Amino acid sequence: MLRNTTGGYGAVAIAFHWTMAVLLLVLVGLGLYMTGLEQNDPSLFPLYQLHKSLGLAALALAVLRLGWRTVNPSPRLPQTMPRLEKAAAHLGHAGLYALMLAIPLSGWLMVSASPWGIPTVFFNLFNVPHLPVPDALGEKAAAEALLKEVHEVLGWFLIVLVGLHAAAALKHHFISRDTVLRRMTSLKPVAETR
Ligand code: HEM
Ligand code: HEM
């Protein structure tokens with residue numbers, strides 16, 4: 001029940017998937033909202049701190065999720081799926097995992113590179129150390145600006161890839177009528193095709 005089987009996802013993978021899906025969508029929404037606020041808006045500082053804390057929590061969850069996935073492989077895709085579609089699904093999932101690591105890391109590097117040296121206080125509990133920013137990025141302010149761009153562009157990649165991913169899941173359910181969406185929403189064992 002906790003572990004995946006060859007035909008379905010277990011409770012841990014399902015919990016990781018939907019917790020992180022909600023968390024990442026909240027992070028994108030919060031990121032876009034807070035960067036649109038006026039510089040003197042009093043909610044700016046607490047919202048940035050909240051975004052950074054949630055973002056670092058998402059990074060920790062992504063690492064744990066990938067760890068769990070290495071000891072607990074995912075179910076096989078339905079045999080009815082053409083090879084090209086299977087390859088696209090695997091590529092899409094790899095891209096989503098890469099973004100789950102790269103986006104928060106670019107954010108953490110960005111705040112670490114900032115010449116302002118604003119601390120990141122994890123949910124008001126403790127200070128998160130700044131990461132060493134590689135010298136290759138040159139001056140600190142330039143590095144911060146570059147990492148800001150990277151963080152934003154990767155955020156847009158995530159929006160596009162999640163859109164495609166969700167569309168593919170709905171296509172599986174309503175058009176191909178296979179078990180792909182149901183096995184990510186239910187623990188009940190499902191036959192491979194309807
Ligand atoms: C998966 C996790 C994360 C997601 C999906 C995410 C997403 C975003 C998005 C969409 C924006 C708005 C980009 C823009 O329009 O400029 C943003 C801004 C920002 N994020 Fe994140 N973020 C994540 C994690 C982090 C982390 C871990 C940190 C720092 C520890 C961070 C720090 C920031 C900062 C400081 C900004 C504002 C940049 C500016 O002022 O232009 N983010 N984030
Ligand atoms: C931020 C949002 C999301 C992210 C980052 C995400 C990420 C992922 C990843 C990485 C996997 C592969 C799991 C593995 O086998 O290791 C996966 C599987 C899956 N996701 Fe999402 N997902 C998101 C939202 C959604 C949404 C909105 C839906 C449904 C409309 C969905 C439906 C599915 C399904 C059905 C699978 C199982 C695919 C299979 O059986 O191989 N996901 N997701």
# chains A, B, ... in the order shown; residues from 1 in each chain; ligands from 1

$ residues_near_ligand --ligand "ligand 2" --cutoff "8 Å" --atoms "only C-alpha atoms and all ligand atoms" --output "VMD selection string"
chain A and resid 8 to 9 13 17 to 18 20 to 25 66 69 73 to 77 89 to 90 92 to 97 100 158 to 159 162 to 163 165 to 170 179 to 185

$ closest_atom_pairs --of "chain A" --to "ligand 1" --cutoff "9 Å" --atoms "only C-alpha atoms and all ligand atoms" --output "CSV"
residue,atom,partner,partner_atom_place_in_ligand_line,distance
A:Met20,CA,ligand 1,1 (C),8.8
A:Leu23,CA,ligand 1,1 (C),7.9
A:Leu24,CA,ligand 1,5 (C),5.0
A:Leu25,CA,ligand 1,5 (C),7.0
A:Val26,CA,ligand 1,5 (C),7.9
A:Leu27,CA,ligand 1,5 (C),4.9
A:Val28,CA,ligand 1,10 (C),4.0
A:Gly29,CA,ligand 1,10 (C),6.6
A:Leu30,CA,ligand 1,9 (C),7.1
A:Gly31,CA,ligand 1,11 (C),3.5
A:Leu32,CA,ligand 1,12 (C),4.2
A:Tyr33,CA,ligand 1,12 (C),7.5
A:Met34,CA,ligand 1,37 (C),7.3
A:Thr35,CA,ligand 1,40 (O),5.5
A:Gly36,CA,ligand 1,15 (O),7.6
A:Tyr48,CA,ligand 1,35 (C),6.2
A:Gln49,CA,ligand 1,30 (C),8.3
A:His51,CA,ligand 1,42 (N),6.0
A:Lys52,CA,ligand 1,30 (C),4.1
A:Ser53,CA,ligand 1,30 (C),6.7
A:Leu54,CA,ligand 1,27 (C),7.1
A:Gly55,CA,ligand 1,24 (C),3.7
A:Leu56,CA,ligand 1,27 (C),4.3
A:Ala57,CA,ligand 1,27 (C),7.7
A:Ala58,CA,ligand 1,1 (C),5.5
A:Leu59,CA,ligand 1,1 (C),6.4
A:Ala62,CA,ligand 1,1 (C),8.7
A:Leu99,CA,ligand 1,1 (C),7.4
A:Met100,CA,ligand 1,1 (C),5.3
A:Leu101,CA,ligand 1,1 (C),7.1
A:Ala102,CA,ligand 1,1 (C),7.9
A:Ile103,CA,ligand 1,1 (C),5.2
A:Pro104,CA,ligand 1,27 (C),3.8
A:Leu105,CA,ligand 1,27 (C),6.2
A:Ser106,CA,ligand 1,26 (C),7.2
A:Gly107,CA,ligand 1,28 (C),3.7
A:Trp108,CA,ligand 1,30 (C),3.8
A:Leu109,CA,ligand 1,29 (C),7.3
A:Met110,CA,ligand 1,35 (C),6.8
A:Val111,CA,ligand 1,35 (C),5.8
A:Ser112,CA,ligand 1,30 (C),8.2
A:Thr120,CA,ligand 1,30 (C),6.7
A:Val128,CA,ligand 1,30 (C),8.5
A:His130,CA,ligand 1,30 (C),8.9
A:Ala145,CA,ligand 1,41 (O),8.4
A:Lys148,CA,ligand 1,38 (C),5.8
A:Glu149,CA,ligand 1,16 (O),7.2
A:His151,CA,ligand 1,43 (N),6.4
A:Glu152,CA,ligand 1,13 (C),4.2
A:Val153,CA,ligand 1,13 (C),7.7
A:Leu154,CA,ligand 1,10 (C),8.1
A:Gly155,CA,ligand 1,10 (C),4.7
A:Trp156,CA,ligand 1,10 (C),6.9
A:Leu158,CA,ligand 1,5 (C),7.4
A:Ile159,CA,ligand 1,10 (C),8.7

$ atom_distance --atom1 "CA of Lys171 (chain A)" --atom2 "CA of Ala98 (chain A)"
23.8 Å

$ select_by_dssp --residues "region 66-147 of chain A" --states "strand (DSSP E or B)" --output "JSON, numbers by chain"
{"A": [120, 121, 122, 126, 127, 128]}

$ closest_residue --among "A:Leu61, A:Leu37, A:Leu47, A:Val160" --to "Val12 (chain A)" --atoms "only C-alpha atoms"
A:Leu61

$ residues_around --residues "Ala113 (chain A)" --least-positions-apart "5" --cutoff "10 Å" --atoms "only C-alpha atoms" --output "ChimeraX atom specification"
/A:107-108,130-134,137,139-147

$ write_last_selection --atoms "C-alpha atoms" --output "mmCIF file, in the first residue's frame"
data_model
loop_
_atom_site.group_PDB
_atom_site.id
_atom_site.type_symbol
_atom_site.label_atom_id
_atom_site.label_comp_id
_atom_site.auth_asym_id
_atom_site.auth_seq_id
_atom_site.Cartn_x
_atom_site.Cartn_y
_atom_site.Cartn_z
ATOM 1 C CA GLY A 107 16.211 30.989 -6.053
ATOM 2 C CA TRP A 108 18.520 30.096 -3.177
ATOM 3 C CA HIS A 130 23.624 31.630 2.018
ATOM 4 C CA LEU A 131 25.140 29.410 -0.663
ATOM 5 C CA PRO A 132 28.596 30.229 -2.026
ATOM 6 C CA VAL A 133 28.010 31.817 -5.450
ATOM 7 C CA PRO A 134 30.604 30.623 -8.005
ATOM 8 C CA LEU A 137 29.407 34.524 -12.326
ATOM 9 C CA GLU A 139 30.193 40.572 -9.741
ATOM 10 C CA LYS A 140 27.543 39.868 -7.104
ATOM 11 C CA ALA A 141 24.870 42.228 -8.437
ATOM 12 C CA ALA A 142 25.340 40.846 -11.968
ATOM 13 C CA ALA A 143 25.147 37.293 -10.641
ATOM 14 C CA GLU A 144 21.949 38.136 -8.783
ATOM 15 C CA ALA A 145 20.389 39.659 -11.928
ATOM 16 C CA LEU A 146 21.359 36.626 -14.020
ATOM 17 C CA LEU A 147 19.998 34.173 -11.438
#

$ select_by_dssp --residues "region 16-192 of chain A" --states "alpha helix (DSSP H)" --output "VMD selection string"
chain A and resid 16 to 35 44 to 71 83 to 113 140 to 171 182 to 185

$ closest_residue --among "A:Ile118, A:Met81, A:Leu164, A:Val150" --to "Arg177 (chain A)" --atoms "only C-alpha atoms"
A:Met81

$ atom_distance --atom1 "CA of Thr6 (chain A)" --atom2 "CA of Ser176 (chain A)"
19.9 Å
